[in-house]
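Single-structure report; data block below.
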Amino acid sequence: MKKKSFTLIEMLIGITLFSIIIIFLYDTLEQSKNSNIFYSKKLDELKNISKIKKLFFEDIVNKKNNSKFSITPDKNKNSILHFQSKNSFHNPFYKYITYKIVDENTLVRIQSKTTFEGAFVDVVYENIIKFKVIENKDLKKKKSIMIYFEFENEKSYFISLVL
């Protein structure tokens, strides 16, 4: 008479195969978690850069026609960008816009009525170690402005805007 049950060897082989499959699935799950964390950080970084680009774009596109860019270096050789713009966050009469690095590597946007009288200060981004602005005044080409950022994590970005 023939039995219809599994032998001990068959059970051990089945449990071993099942364990190997579970180990591979666990490893795949762990890699997916690490991948999601990595891409989530990248996405946040790109969103922040996009916000910075949009802010500069809106300010510079709405620059007053007779206003010129004033680009001066600070003590750490970072740029201080100063100009007049119609883009206002706080008060339409506060037309002077200044971008500069302040203490602890923080890029700020200062909006004021006159040069620095009664100013509103907005933090644009933290952990920026270099901020450089270059204005191209070549008459053959259209005027443009290039903005360079270098972050503490050694990543850098260029923004180029044609005026």
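Residue numbering restarts at 1 in every chain; chains get A, B, ... in the order shown in the structure tokens, and ligands count up from 1 in that same order.
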Each residue of region 13-69 of chain A lying at most 10 Å from region 93-111 of chain A should get a row with its shortest atom-to-atom pair and the distance in Å to one decimal, counting only C-alpha atoms; could you produce that, ordered by chain and increasing number, as CSV?
residue,atom,partner,partner_atom,distance
A:Leu55,CA,A:Arg109,CA,9.6
A:Phe56,CA,A:Tyr99,CA,9.5
A:Asp59,CA,A:Ile97,CA,8.1
A:Ile60,CA,A:Ile97,CA,9.7
A:Lys63,CA,A:Lys95,CA,9.2
A:Lys64,CA,A:Lys95,CA,8.9
A:Ser67,CA,A:Tyr96,CA,9.8
A:Phe69,CA,A:Thr98,CA,10.0
Next on the checklist: DSSP on the backbone: which residues in chain A end up as strand (DSSP E)? Give the answer as a ChimeraX atom specification.
Outcome noted: /A:70-73,79-84,96-102,106-112,120-126,128-136,144-151,156-162
Could you write out the selected residues, including C-alpha atoms, as a PDB file, in the first residue's frame?
ATOM      1  CA  SER A  70      24.861  95.992  -8.724  1.00  0.00           C
ATOM      2  CA  ILE A  71      27.168  93.054  -8.043  1.00  0.00           C
ATOM      3  CA  THR A  72      29.711  93.503  -5.278  1.00  0.00           C
ATOM      4  CA  PRO A  73      31.860  90.974  -3.422  1.00  0.00           C
ATOM      5  CA  SER A  79      28.481  88.091  -4.508  1.00  0.00           C
ATOM      6  CA  ILE A  80      25.949  90.580  -3.233  1.00  0.00           C
ATOM      7  CA  LEU A  81      23.317  91.135  -5.914  1.00  0.00           C
ATOM      8  CA  HIS A  82      21.288  94.334  -5.682  1.00  0.00           C
ATOM      9  CA  PHE A  83      18.642  95.654  -8.103  1.00  0.00           C
ATOM     10  CA  GLN A  84      15.113  97.063  -8.313  1.00  0.00           C
ATOM     11  CA  TYR A  96      14.894  97.168  -3.798  1.00  0.00           C
ATOM     12  CA  ILE A  97      15.942  93.508  -3.842  1.00  0.00           C
ATOM     13  CA  THR A  98      19.238  92.236  -2.440  1.00  0.00           C
ATOM     14  CA  TYR A  99      20.547  88.673  -2.407  1.00  0.00           C
ATOM     15  CA  LYS A 100      23.480  87.862  -0.174  1.00  0.00           C
ATOM     16  CA  ILE A 101      25.008  85.215   2.053  1.00  0.00           C
ATOM     17  CA  VAL A 102      24.703  85.949   5.748  1.00  0.00           C
ATOM     18  CA  THR A 106      22.379  81.217   4.531  1.00  0.00           C
ATOM     19  CA  LEU A 107      21.281  82.894   1.303  1.00  0.00           C
ATOM     20  CA  VAL A 108      18.730  85.614   2.042  1.00  0.00           C
ATOM     21  CA  ARG A 109      16.542  87.866  -0.072  1.00  0.00           C
ATOM     22  CA  ILE A 110      16.203  91.353   1.379  1.00  0.00           C
ATOM     23  CA  GLN A 111      13.339  93.498   0.144  1.00  0.00           C
ATOM     24  CA  SER A 112      13.439  97.134   1.187  1.00  0.00           C
ATOM     25  CA  PHE A 120      11.974  92.357   4.974  1.00  0.00           C
ATOM     26  CA  VAL A 121      14.402  89.437   5.095  1.00  0.00           C
ATOM     27  CA  ASP A 122      13.448  86.046   3.635  1.00  0.00           C
ATOM     28  CA  VAL A 123      15.641  82.959   3.894  1.00  0.00           C
ATOM     29  CA  VAL A 124      16.047  81.534   0.390  1.00  0.00           C
ATOM     30  CA  TYR A 125      18.263  78.538   1.186  1.00  0.00           C
ATOM     31  CA  GLU A 126      20.637  77.357   3.877  1.00  0.00           C
ATOM     32  CA  ILE A 128      25.252  77.532   0.650  1.00  0.00           C
ATOM     33  CA  ILE A 129      28.989  78.118   0.840  1.00  0.00           C
ATOM     34  CA  LYS A 130      29.453  79.998  -2.464  1.00  0.00           C
ATOM     35  CA  PHE A 131      27.171  82.425  -4.242  1.00  0.00           C
ATOM     36  CA  LYS A 132      28.538  84.082  -7.368  1.00  0.00           C
ATOM     37  CA  VAL A 133      26.729  86.323  -9.840  1.00  0.00           C
ATOM     38  CA  ILE A 134      28.152  87.323 -13.234  1.00  0.00           C
ATOM     39  CA  GLU A 135      26.488  89.727 -15.628  1.00  0.00           C
ATOM     40  CA  ASN A 136      27.276  89.363 -19.327  1.00  0.00           C
ATOM     41  CA  SER A 144      22.365  87.686 -19.464  1.00  0.00           C
ATOM     42  CA  ILE A 145      23.067  86.933 -15.865  1.00  0.00           C
ATOM     43  CA  MET A 146      24.624  83.757 -14.499  1.00  0.00           C
ATOM     44  CA  ILE A 147      24.181  82.672 -10.908  1.00  0.00           C
ATOM     45  CA  TYR A 148      26.372  79.986  -9.334  1.00  0.00           C
ATOM     46  CA  PHE A 149      25.599  78.144  -6.086  1.00  0.00           C
ATOM     47  CA  GLU A 150      27.802  75.711  -4.244  1.00  0.00           C
ATOM     48  CA  PHE A 151      26.305  73.819  -1.350  1.00  0.00           C
ATOM     49  CA  SER A 156      26.865  73.088  -7.407  1.00  0.00           C
ATOM     50  CA  TYR A 157      24.280  74.580  -9.762  1.00  0.00           C
ATOM     51  CA  PHE A 158      24.234  77.259 -12.431  1.00  0.00           C
ATOM     52  CA  ILE A 159      21.259  79.410 -13.305  1.00  0.00           C
ATOM     53  CA  SER A 160      21.523  81.343 -16.537  1.00  0.00           C
ATOM     54  CA  LEU A 161      18.879  83.957 -17.379  1.00  0.00           C
ATOM     55  CA  VAL A 162      18.766  85.930 -20.615  1.00  0.00           C
TER      56      VAL A 162
END
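In terms of minimum interatomic distance to Val61 (chain A), A:Ser85 ranks closest within A:Gly118, A:Ser35, A:Lys41, A:Ser85, counting only C-alpha atoms.
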Next on the checklist: If I take CA of Lys77 (chain A) and CA of Asn127 (chain A), how far is one from the other in Å, to one decimal?
Outcome noted: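 CA of Lys77 (chain A) sits 16.2 Å away from CA of Asn127 (chain A).
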Item to check | Point-to-point distance in Å for CA of Ser88 (chain A) and CA of Phe57 (chain A) | outcome: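 Computing the Euclidean distance for CA of Phe57 (chain A) and CA of Ser88 (chain A) yields 13.0 Å.
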Checklist entry - To one decimal place, how far is CA of Lys86 (chain A) from CA of Glu58 (chain A) in Å? => result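 Separation between CA of Lys86 (chain A) and CA of Glu58 (chain A): 9.2 Å.
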